[in-house]
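**Q** Next up, my_file_13.tsv (TSV, C-alpha atoms and all ligand atoms).
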chain	number	residue	atom	x	y	z
A	779	MET	CA	-71.28	-95.00	62.74
A	780	PRO	CA	-69.43	-91.67	62.60
A	781	ARG	CA	-66.83	-91.43	65.32
A	782	HIS	CA	-68.15	-88.31	66.94
A	783	GLY	CA	-71.72	-88.42	65.74
A	784	SER	CA	-72.91	-86.39	62.79
A	785	ASP	CA	-72.01	-83.66	61.74
A	786	HIS	CA	-68.19	-83.80	61.50
A	787	ALA	CA	-67.98	-80.17	60.31
A	788	PHE	CA	-69.28	-79.05	63.70
A	789	LEU	CA	-68.82	-81.91	66.13
A	790	ASN	CA	-65.34	-83.24	65.45
A	791	ARG	CA	-63.72	-82.87	68.88
A	792	GLU	CA	-60.27	-82.12	67.52
A	793	PRO	CA	-58.82	-80.54	64.38
A	794	TYR	CA	-57.50	-83.92	63.18
A	795	GLY	CA	-58.86	-86.90	61.30
A	796	ALA	CA	-60.57	-87.87	58.06
A	797	MET	CA	-64.28	-87.61	57.42
A	798	SER	CA	-66.25	-90.57	58.68
A	799	GLU	CA	-69.56	-89.64	57.10
A	800	PRO	CA	-71.07	-89.95	53.61
A	801	PRO	CA	-69.85	-87.25	51.17
A	802	TYR	CA	-73.41	-86.24	50.29
A	803	ALA	CA	-74.40	-85.32	53.85
A	804	GLY	CA	-73.63	-82.57	56.29
A	805	ALA	CA	-72.19	-79.09	56.10
A	806	THR	CA	-69.59	-78.55	53.38
A	807	SER	CA	-66.55	-77.30	55.21
A	808	PHE	CA	-63.27	-77.83	53.36
A	809	LEU	CA	-62.52	-81.57	53.51
A	810	ARG	CA	-65.26	-81.72	56.16
A	811	THR	CA	-62.84	-80.31	58.71
A	812	ARG	CA	-64.34	-78.62	61.75
A	813	TYR	CA	-65.66	-75.10	61.30
A	814	SER	CA	-63.85	-73.18	64.00
A	815	ARG	CA	-62.20	-69.89	64.89
A	816	ASP	CA	-60.33	-71.48	67.78
A	817	LEU	CA	-56.77	-71.43	66.51
A	818	ALA	CA	-55.13	-73.06	69.54
A	819	GLY	CA	-52.81	-75.79	68.30
A	820	VAL	CA	-53.98	-75.36	64.72
A	821	ASP	CA	-51.50	-75.83	61.87
A	822	VAL	CA	-53.63	-74.73	58.92
A	823	ALA	CA	-56.73	-72.54	58.75
A	824	VAL	CA	-58.76	-72.72	55.54
A	825	LEU	CA	-60.08	-69.26	54.72
A	826	GLY	CA	-62.62	-68.38	52.04
A	827	VAL	CA	-62.29	-65.02	50.29
A	828	PRO	CA	-65.46	-64.59	48.22
A	829	TYR	CA	-64.39	-61.53	46.24
A	830	ASP	CA	-64.73	-61.10	42.47
A	831	LEU	CA	-64.63	-57.36	41.76
A	832	GLY	CA	-61.08	-57.61	40.40
A	833	VAL	CA	-61.97	-59.82	37.43
A	834	THR	CA	-61.40	-58.49	33.91
A	835	ASN	CA	-63.92	-60.76	32.18
A	836	ARG	CA	-66.53	-63.17	33.55
A	837	PRO	CA	-67.45	-62.60	37.21
A	838	GLY	CA	-68.52	-65.32	39.62
A	839	THR	CA	-65.55	-66.37	41.76
A	840	ARG	CA	-67.36	-65.01	44.81
A	841	PHE	CA	-68.97	-68.45	44.78
A	842	GLY	CA	-65.59	-70.16	44.51
A	843	PRO	CA	-65.01	-70.89	48.21
A	844	ARG	CA	-68.43	-72.52	48.52
A	845	ALA	CA	-67.92	-74.59	45.35
A	846	VAL	CA	-64.45	-75.78	46.31
A	847	ARG	CA	-65.63	-76.72	49.78
A	848	GLN	CA	-68.52	-78.70	48.32
A	849	ALA	CA	-66.32	-80.52	45.79
A	850	SER	CA	-63.78	-81.23	48.52
A	851	THR	CA	-66.25	-83.53	50.27
A	852	GLN	CA	-65.72	-85.99	47.39
A	853	ILE	CA	-62.05	-86.41	48.31
A	854	ALA	CA	-62.47	-86.15	52.07
A	855	TRP	CA	-62.15	-89.86	52.69
A	856	GLY	CA	-58.45	-90.44	53.08
A	857	PRO	CA	-55.06	-90.24	51.36
A	858	GLN	CA	-54.85	-88.62	47.94
A	859	HIS	CA	-52.64	-90.13	45.26
A	860	PRO	CA	-49.63	-90.46	45.27
A	861	PHE	CA	-49.50	-90.15	49.06
A	862	ASP	CA	-50.15	-93.00	51.49
A	863	PHE	CA	-51.29	-90.85	54.40
A	864	ASP	CA	-54.09	-88.42	55.09
A	865	PRO	CA	-52.80	-84.90	55.78
A	866	ARG	CA	-55.56	-84.48	58.36
A	867	ASP	CA	-53.91	-87.17	60.50
A	868	ARG	CA	-50.71	-85.12	60.62
A	869	LEU	CA	-51.84	-81.49	60.51
A	870	ALA	CA	-54.41	-79.83	62.73
A	871	ILE	CA	-56.72	-78.20	60.17
A	872	VAL	CA	-59.83	-76.10	60.71
A	873	ASP	CA	-62.16	-74.36	58.29
A	874	TYR	CA	-62.12	-70.74	59.46
A	875	GLY	CA	-65.05	-69.77	57.25
A	876	ASP	CA	-65.10	-66.74	54.95
A	877	VAL	CA	-63.83	-63.18	55.23
A	878	ALA	CA	-66.67	-60.64	55.39
A	879	TYR	CA	-66.27	-57.19	53.85
A	880	ASP	CA	-68.37	-54.27	52.69
A	881	VAL	CA	-69.40	-55.09	49.14
A	882	GLY	CA	-68.17	-52.47	46.69
A	883	TYR	CA	-65.42	-51.17	48.96
A	884	VAL	CA	-62.15	-52.59	47.66
A	885	ASP	CA	-60.25	-50.94	50.50
A	886	ASP	CA	-62.43	-52.68	53.04
A	887	MET	CA	-61.85	-56.07	51.40
A	888	LEU	CA	-58.11	-55.42	51.48
A	889	ARG	CA	-58.25	-54.47	55.16
A	890	GLN	CA	-60.44	-57.38	56.22
A	891	VAL	CA	-58.48	-60.05	54.35
A	892	GLU	CA	-55.17	-58.75	55.61
A	893	ALA	CA	-56.43	-58.49	59.20
A	894	THR	CA	-57.91	-61.98	59.12
A	895	ALA	CA	-54.72	-63.46	57.69
A	896	ASP	CA	-52.76	-61.56	60.39
A	897	THR	CA	-54.94	-63.12	63.08
A	898	ILE	CA	-54.32	-66.62	61.75
A	899	ILE	CA	-50.59	-66.12	61.24
A	900	ASP	CA	-50.14	-64.46	64.65
A	901	ALA	CA	-51.78	-67.50	66.25
A	902	GLY	CA	-49.07	-69.68	64.74
A	903	ALA	CA	-51.23	-71.27	62.04
A	904	SER	CA	-50.81	-70.97	58.30
A	905	VAL	CA	-53.40	-69.85	55.77
A	906	LEU	CA	-54.90	-71.92	52.99
A	907	ALA	CA	-57.09	-69.39	51.20
A	908	LEU	CA	-59.84	-70.18	48.72
A	909	GLY	CA	-60.68	-67.35	46.28
A	910	GLY	CA	-62.18	-65.33	44.97
A	911	ASP	CA	-60.45	-63.80	41.99
A	912	HIS	CA	-56.69	-63.61	42.00
A	913	PHE	CA	-56.57	-60.05	43.30
A	914	VAL	CA	-57.12	-61.48	46.80
A	915	SER	CA	-53.50	-62.63	46.74
A	916	LEU	CA	-52.38	-59.03	47.36
A	917	PRO	CA	-53.74	-58.62	50.91
A	918	LEU	CA	-52.75	-62.22	51.67
A	919	LEU	CA	-49.17	-61.53	50.56
A	920	ARG	CA	-49.09	-58.33	52.60
A	921	ALA	CA	-49.94	-60.30	55.75
A	922	HIS	CA	-47.51	-63.12	54.97
A	923	ALA	CA	-44.60	-60.83	54.05
A	924	ARG	CA	-45.09	-58.81	57.24
A	925	ARG	CA	-44.46	-61.98	59.23
A	926	HIS	CA	-41.99	-63.83	57.01
A	927	GLY	CA	-40.20	-61.11	55.02
A	928	LYS	CA	-39.85	-60.99	51.25
A	929	LEU	CA	-41.18	-64.21	49.76
A	930	ALA	CA	-40.52	-66.47	46.82
A	931	LEU	CA	-43.69	-66.84	44.76
A	932	VAL	CA	-44.54	-70.23	43.29
A	933	HIS	CA	-47.27	-69.22	40.88
A	934	PHE	CA	-49.40	-71.34	38.54
A	935	ASP	CA	-51.51	-69.44	36.03
A	936	ALA	CA	-52.33	-68.81	32.38
A	937	HIS	CA	-51.56	-65.15	33.06
A	938	SER	CA	-48.55	-63.40	34.54
A	939	ASP	CA	-50.72	-61.02	36.60
A	940	THR	CA	-47.77	-58.60	36.62
A	941	TRP	CA	-49.19	-55.93	34.30
A	942	ARG	CA	-47.62	-52.56	34.94
A	943	ASP	CA	-50.72	-50.69	35.91
A	944	GLY	CA	-51.81	-48.81	38.98
A	945	ASN	CA	-55.27	-50.34	39.03
A	946	TYR	CA	-56.42	-53.07	41.38
A	947	THR	CA	-57.41	-56.09	39.29
A	948	HIS	CA	-56.62	-59.77	39.11
A	949	GLY	CA	-54.09	-58.95	36.36
A	950	THR	CA	-51.92	-56.51	38.31
A	951	MET	CA	-51.59	-57.70	41.91
A	952	PHE	CA	-48.18	-59.34	41.50
A	953	PHE	CA	-46.84	-56.08	40.02
A	954	HIS	CA	-48.07	-54.34	43.18
A	955	ALA	CA	-46.66	-57.14	45.34
A	956	MET	CA	-43.27	-56.83	43.65
A	957	ASN	CA	-43.23	-53.05	44.04
A	958	GLU	CA	-44.24	-53.31	47.68
A	959	GLY	CA	-41.31	-55.65	48.30
A	960	LEU	CA	-43.56	-58.57	49.25
A	961	ILE	CA	-42.14	-61.00	46.68
A	962	ASP	CA	-38.74	-61.46	45.05
A	963	PRO	CA	-39.03	-62.07	41.28
A	964	ALA	CA	-35.53	-63.59	41.18
A	965	ARG	CA	-36.73	-66.34	43.52
A	966	SER	CA	-40.13	-66.78	41.88
A	967	VAL	CA	-41.49	-69.06	39.17
A	968	GLN	CA	-44.62	-68.67	37.05
A	969	THR	CA	-45.80	-71.92	35.50
A	970	GLY	CA	-48.38	-72.32	32.72
A	971	ILE	CA	-48.21	-68.73	31.42
A	972	ARG	CA	-49.63	-68.53	27.89
A	973	THR	CA	-50.76	-64.94	27.46
A	974	HIS	CA	-48.49	-62.24	26.15
A	975	ASN	CA	-46.87	-59.79	28.52
A	976	PRO	CA	-43.90	-57.81	27.18
A	977	GLU	CA	-42.33	-57.66	30.64
A	978	THR	CA	-41.08	-60.58	32.75
A	979	HIS	CA	-39.88	-58.35	35.64
A	980	GLY	CA	-37.23	-60.99	36.27
A	981	PHE	CA	-39.60	-63.84	37.10
A	982	THR	CA	-38.69	-67.31	35.83
A	983	ILE	CA	-41.50	-68.17	33.43
A	984	LEU	CA	-42.39	-71.70	32.34
A	985	PRO	CA	-45.02	-71.60	29.59
A	986	PRO	CA	-46.83	-74.86	28.76
A	987	GLU	CA	-44.43	-75.78	25.95
A	988	THR	CA	-41.51	-75.41	28.37
A	989	VAL	CA	-43.33	-77.58	30.88
A	990	ASP	CA	-43.67	-80.13	28.09
A	991	ALA	CA	-40.01	-79.92	27.12
A	992	LEU	CA	-38.68	-80.08	30.69
A	993	GLY	CA	-41.01	-82.84	31.81
A	994	LEU	CA	-42.55	-82.89	35.27
A	995	ASP	CA	-39.29	-83.59	37.09
A	996	GLY	CA	-37.57	-80.84	35.14
A	997	VAL	CA	-40.27	-78.35	36.10
A	998	VAL	CA	-40.00	-79.37	39.75
A	999	GLU	CA	-36.20	-79.08	39.62
A	1000	THR	CA	-36.45	-75.60	38.07
A	1001	ILE	CA	-38.91	-74.42	40.71
A	1002	LYS	CA	-36.80	-75.80	43.56
A	1003	ARG	CA	-33.59	-74.35	42.16
A	1004	THR	CA	-35.17	-70.91	41.68
A	1005	VAL	CA	-36.82	-70.77	45.10
A	1006	GLY	CA	-33.78	-72.18	46.88
A	1007	GLY	CA	-34.05	-71.96	50.65
A	1008	SER	CA	-36.39	-68.97	50.64
A	1009	LYS	CA	-39.75	-69.03	52.31
A	1010	ALA	CA	-42.32	-69.47	49.58
A	1011	TYR	CA	-45.96	-68.65	48.97
A	1012	LEU	CA	-47.93	-70.89	46.62
A	1013	SER	CA	-50.55	-69.19	44.49
A	1014	PHE	CA	-52.56	-71.42	42.19
A	1015	ASP	CA	-54.90	-69.79	39.66
A	1016	ILE	CA	-57.13	-72.58	38.40
A	1017	ASP	CA	-56.93	-71.17	34.85
A	1018	CYS	CA	-53.39	-72.55	34.72
A	1019	LEU	CA	-55.26	-75.72	33.77
A	1020	ASP	CA	-56.61	-76.08	30.25
A	1021	PRO	CA	-60.32	-75.19	29.96
A	1022	ALA	CA	-60.88	-78.90	29.28
A	1023	PHE	CA	-59.96	-79.48	32.93
A	1024	ALA	CA	-61.12	-76.18	34.38
A	1025	PRO	CA	-63.92	-74.53	32.38
A	1026	GLY	CA	-65.35	-72.89	35.48
A	1027	THR	CA	-63.24	-69.77	35.63
A	1028	GLY	CA	-63.45	-66.11	34.62
A	1029	THR	CA	-60.66	-65.83	32.04
A	1030	PRO	CA	-60.04	-69.28	30.52
A	1031	VAL	CA	-57.15	-69.72	28.05
A	1032	CYS	CA	-56.74	-72.77	25.80
A	1033	GLY	CA	-53.55	-74.80	25.71
A	1034	GLY	CA	-52.93	-75.20	29.42
A	1035	LEU	CA	-51.76	-77.86	31.83
A	1036	THR	CA	-53.66	-81.03	32.54
A	1037	SER	CA	-54.94	-81.56	36.06
A	1038	TYR	CA	-52.67	-84.63	36.10
A	1039	ALA	CA	-49.56	-82.55	35.41
A	1040	ALA	CA	-50.45	-79.90	37.97
A	1041	LEU	CA	-51.20	-82.44	40.70
A	1042	GLN	CA	-47.96	-84.31	39.96
A	1043	ILE	CA	-45.87	-81.13	40.03
A	1044	LEU	CA	-47.39	-80.07	43.34
A	1045	ALA	CA	-46.91	-83.53	44.82
A	1046	ARG	CA	-43.18	-83.30	44.13
A	1047	LEU	CA	-42.61	-79.85	45.69
A	1048	GLY	CA	-41.72	-81.27	49.10
A	1049	GLY	CA	-38.69	-79.56	50.62
A	1050	ILE	CA	-39.78	-76.05	49.65
A	1051	ALA	CA	-40.44	-73.91	52.73
A	1052	PHE	CA	-44.06	-73.05	51.95
A	1053	ILE	CA	-45.64	-70.67	54.44
A	1054	GLY	CA	-49.06	-70.25	52.80
A	1055	MET	CA	-51.23	-70.94	49.78
A	1056	ASP	CA	-54.16	-69.59	47.87
A	1057	LEU	CA	-56.29	-71.43	45.34
A	1058	VAL	CA	-58.17	-68.88	43.27
A	1059	GLU	CA	-60.41	-68.18	40.28
A	1060	VAL	CA	-62.89	-71.04	40.54
A	1061	ALA	CA	-66.18	-69.67	39.14
A	1062	PRO	CA	-68.77	-72.42	39.51
A	1063	ALA	CA	-71.41	-70.85	37.24
A	1064	TYR	CA	-69.31	-71.86	34.21
A	1065	ASP	CA	-68.31	-75.23	35.62
A	1066	VAL	CA	-69.38	-78.61	34.24
A	1067	GLY	CA	-69.99	-81.51	36.59
A	1068	GLU	CA	-67.91	-79.76	39.28
A	1069	ILE	CA	-64.66	-80.64	37.48
A	1070	THR	CA	-63.10	-77.21	38.07
A	1071	ALA	CA	-64.07	-77.11	41.73
A	1072	LEU	CA	-62.87	-80.69	42.20
A	1073	ALA	CA	-59.55	-79.83	40.57
A	1074	GLY	CA	-59.24	-76.86	42.90
A	1075	ALA	CA	-60.04	-78.91	45.98
A	1076	SER	CA	-57.60	-81.63	44.87
A	1077	LEU	CA	-54.78	-79.13	44.30
A	1078	ALA	CA	-55.36	-77.63	47.74
A	1079	MET	CA	-55.35	-81.08	49.29
A	1080	GLN	CA	-52.15	-81.89	47.42
A	1081	TYR	CA	-50.55	-78.85	49.06
A	1082	LEU	CA	-51.69	-80.09	52.48
A	1083	SER	CA	-50.18	-83.51	51.74
A	1084	VAL	CA	-46.87	-81.92	50.78
A	1085	MET	CA	-46.95	-79.87	54.00
A	1086	ALA	CA	-47.67	-83.03	56.03
A	1087	LYS	CA	-45.21	-85.29	54.23
A	1088	ASP	CA	-42.40	-85.26	56.76
A	1089	ARG	CA	-44.54	-85.05	59.87
A	1090	PRO	CA	-45.47	-88.04	62.02
A	1091	ASP	CA	-49.04	-89.27	62.37
A	1092	ARG	CA	-50.67	-87.82	65.39
A	1093	PRO	CA	-51.59	-90.69	67.70
A	1094	ALA	CA	-55.34	-91.36	67.80
A	1095	SER	CA	-56.93	-90.00	70.95
A	1101	MN	MN	-54.19	-65.15	37.98
A	1102	MN	MN	-55.25	-66.50	35.24
I need this file expressed as structure tokens, please.

**A**
Amino acid sequence: MPRHGSDHAFLNREPYGAMSEPPYAGATSFLRTRYSRDLAGVDVAVLGVPYDLGVTNRPGTRFGPRAVRQASTQIAWGPQHPFDFDPRDRLAIVDYGDVAYDVGYVDDMLRQVEATADTIIDAGASVLALGGDHFVSLPLLRAHARRHGKLALVHFDAHSDTWRDGNYTHGTMFFHAMNEGLIDPARSVQTGIRTHNPETHGFTILPPETVDALGLDGVVETIKRTVGGSKAYLSFDIDCLDPAFAPGTGTPVCGGLTSYAALQILARLGGIAFIGMDLVEVAPAYDVGEITALAGASLAMQYLSVMAKDRPDRPAS
């Protein structure tokens, strides 16, 4: 029998603990955590940003938050490999729901996302955002940099997203972020990049063949060395993965990372001072058997495990 009676997404009495209900039942909050806007004592608030007007090819990531939440129920049972603990036993996590904005008004989306992230950060919690196309990283970075100062960016993607262009798309937001002083290219790493961009802007770039040559430990070492002791923001564009592992996305590019490699790299990033994450670009209309959404949910859970790694289990109440 479920500990608190069904449904965990609403009735869990505290923001801790694994799901105790079947994965096919109940409301699909992220990892079946409690839907709540009460941020008292909360460590991580999961925030959906269903925005896809910044995409340059196939739209559909507005359904990303819903798809990732649904897929996450399949891994909501307990520890995720290679960890031997459940991050929900160590971190107080709530699903904050989605950001609402006036459709068609980019400025309103920017304002609402930034204000919502501000609210979460001001309450002492950190943001785990589910996109949406990658443009949503810009308002998220604005909120995080206001609190934490200029950030190191740990970025996984097929694309640099640093195109020198004044427009507001999912291919330009890190150029804006750099120009606004939100991120420091010298402390930032872009992994999986396999589309041409004549400018690096000083970012450390690890294309797939470099990932191959360095090996997983070498990639992790390079990321840690580059970031150093800086506060870091993790931004994972699901198209970093090869379309074999993530077909459900707007701008897929062949020759990418395996989900295995990405999960292993993330698992080994303990020690970096992460202050927030977004997982973006899941577009379920092009997905097959939920593999893209499941990869996204698993990567987000891996981040939570890394965040929880050095924390004690909260005693059961
Ligand atoms: Mn991207
Ligand atoms: Mn991309």

**Q** Hey, which of A:Phe1023, A:Phe1014, A:Tyr1064, A:Phe981 ends up closest to ligand MN 1102 (chain A)? Count all atoms listed in the file.

**A** A:Phe1014

**Q** Looking at all atoms listed in the file, which of A:Asp1091, A:Asp935, A:Asp911, A:Asp962 is the one that sits closest to Asp1020 (chain A)?

**A** A:Asp935

**Q** Got a sec to check which residues lie within 6 Å of ligand MN 1102 (chain A), using all atoms listed in the file, and send them as number ranges by chain?

**A** A: 935-937, 1015, 1017

**Q** Would you mind reading off the distance between CA of Thr982 (chain A) and CA of Phe934 (chain A), one decimal, in Å?

**A** 11.8 Å

**Q** For Ala921 (chain A), which residue among A:Gly1049, A:Gly819, A:Gly1054, A:Pro963 is the nearest when counting all atoms listed in the file?

**A** A:Gly1054

**Q** Which residues are close to Ala1063 (chain A), i.e. within 10 Å by all atoms listed in the file, leaving aside same-chain residues fewer than 5 positions away? Reply as a ChimeraX atom specification.

**A** /A:836-839,841-842,845,1025-1028,1068

**Q** Counting all atoms listed in the file, which residues of chain A sit at most 12 Å from some atom of ligand MN 1101 (chain A), and what is each one's closest atom pair with its distance in Å to one decimal, listed by chain and rising residue number, as a tab-separated table?

**A**
residue	atom	partner	partner_atom	distance
A:Gly832	CA	A:MN1101	MN	10.5
A:Val833	CA	A:MN1101	MN	9.4
A:Thr834	CA	A:MN1101	MN	10.6
A:Gly909	CA	A:MN1101	MN	10.8
A:Gly910	CA	A:MN1101	MN	10.6
A:Asp911	CA	A:MN1101	MN	7.6
A:His912	CA	A:MN1101	MN	5.0
A:Phe913	CA	A:MN1101	MN	7.7
A:Val914	CA	A:MN1101	MN	10.0
A:Ser915	CA	A:MN1101	MN	9.1
A:Leu916	CA	A:MN1101	MN	11.3
A:His933	CA	A:MN1101	MN	8.5
A:Phe934	CA	A:MN1101	MN	7.8
A:Asp935	CA	A:MN1101	MN	5.4
A:Ala936	CA	A:MN1101	MN	6.9
A:His937	CA	A:MN1101	MN	5.6
A:Ser938	CA	A:MN1101	MN	6.8
A:Asp939	CA	A:MN1101	MN	5.6
A:Thr940	CA	A:MN1101	MN	9.3
A:Trp941	CA	A:MN1101	MN	11.1
A:Thr947	CA	A:MN1101	MN	9.7
A:His948	CA	A:MN1101	MN	6.0
A:Gly949	CA	A:MN1101	MN	6.4
A:Thr950	CA	A:MN1101	MN	8.9
A:Met951	CA	A:MN1101	MN	8.8
A:Phe952	CA	A:MN1101	MN	9.1
A:Phe953	CA	A:MN1101	MN	11.9
A:Gln968	CA	A:MN1101	MN	10.2
A:Thr969	CA	A:MN1101	MN	11.1
A:Gly970	CA	A:MN1101	MN	10.6
A:Ile971	CA	A:MN1101	MN	9.6
A:Arg972	CA	A:MN1101	MN	11.6
A:Thr973	CA	A:MN1101	MN	11.1
A:Ser1013	CA	A:MN1101	MN	8.5
A:Phe1014	CA	A:MN1101	MN	7.7
A:Asp1015	CA	A:MN1101	MN	5.0
A:Ile1016	CA	A:MN1101	MN	8.0
A:Asp1017	CA	A:MN1101	MN	7.3
A:Cys1018	CA	A:MN1101	MN	8.1
A:Leu1019	CA	A:MN1101	MN	11.4
A:Thr1027	CA	A:MN1101	MN	10.4
A:Gly1028	CA	A:MN1101	MN	9.9
A:Thr1029	CA	A:MN1101	MN	8.8
A:Pro1030	CA	A:MN1101	MN	10.3
A:Val1031	CA	A:MN1101	MN	11.3
A:Asp1056	CA	A:MN1101	MN	10.8
A:Leu1057	CA	A:MN1101	MN	9.9
A:Val1058	CA	A:MN1101	MN	7.6
A:Glu1059	CA	A:MN1101	MN	7.3
A:Val1060	CA	A:MN1101	MN	10.8

**Q** Show which residues sit within 8 Å of Leu919 (chain A), as an NGL selection string. Count only C-alpha atoms, and ignore same-chain residues fewer than 3 positions away.

**A** :A and (915-916 or 922-923 or 955 or 960 or 1011)
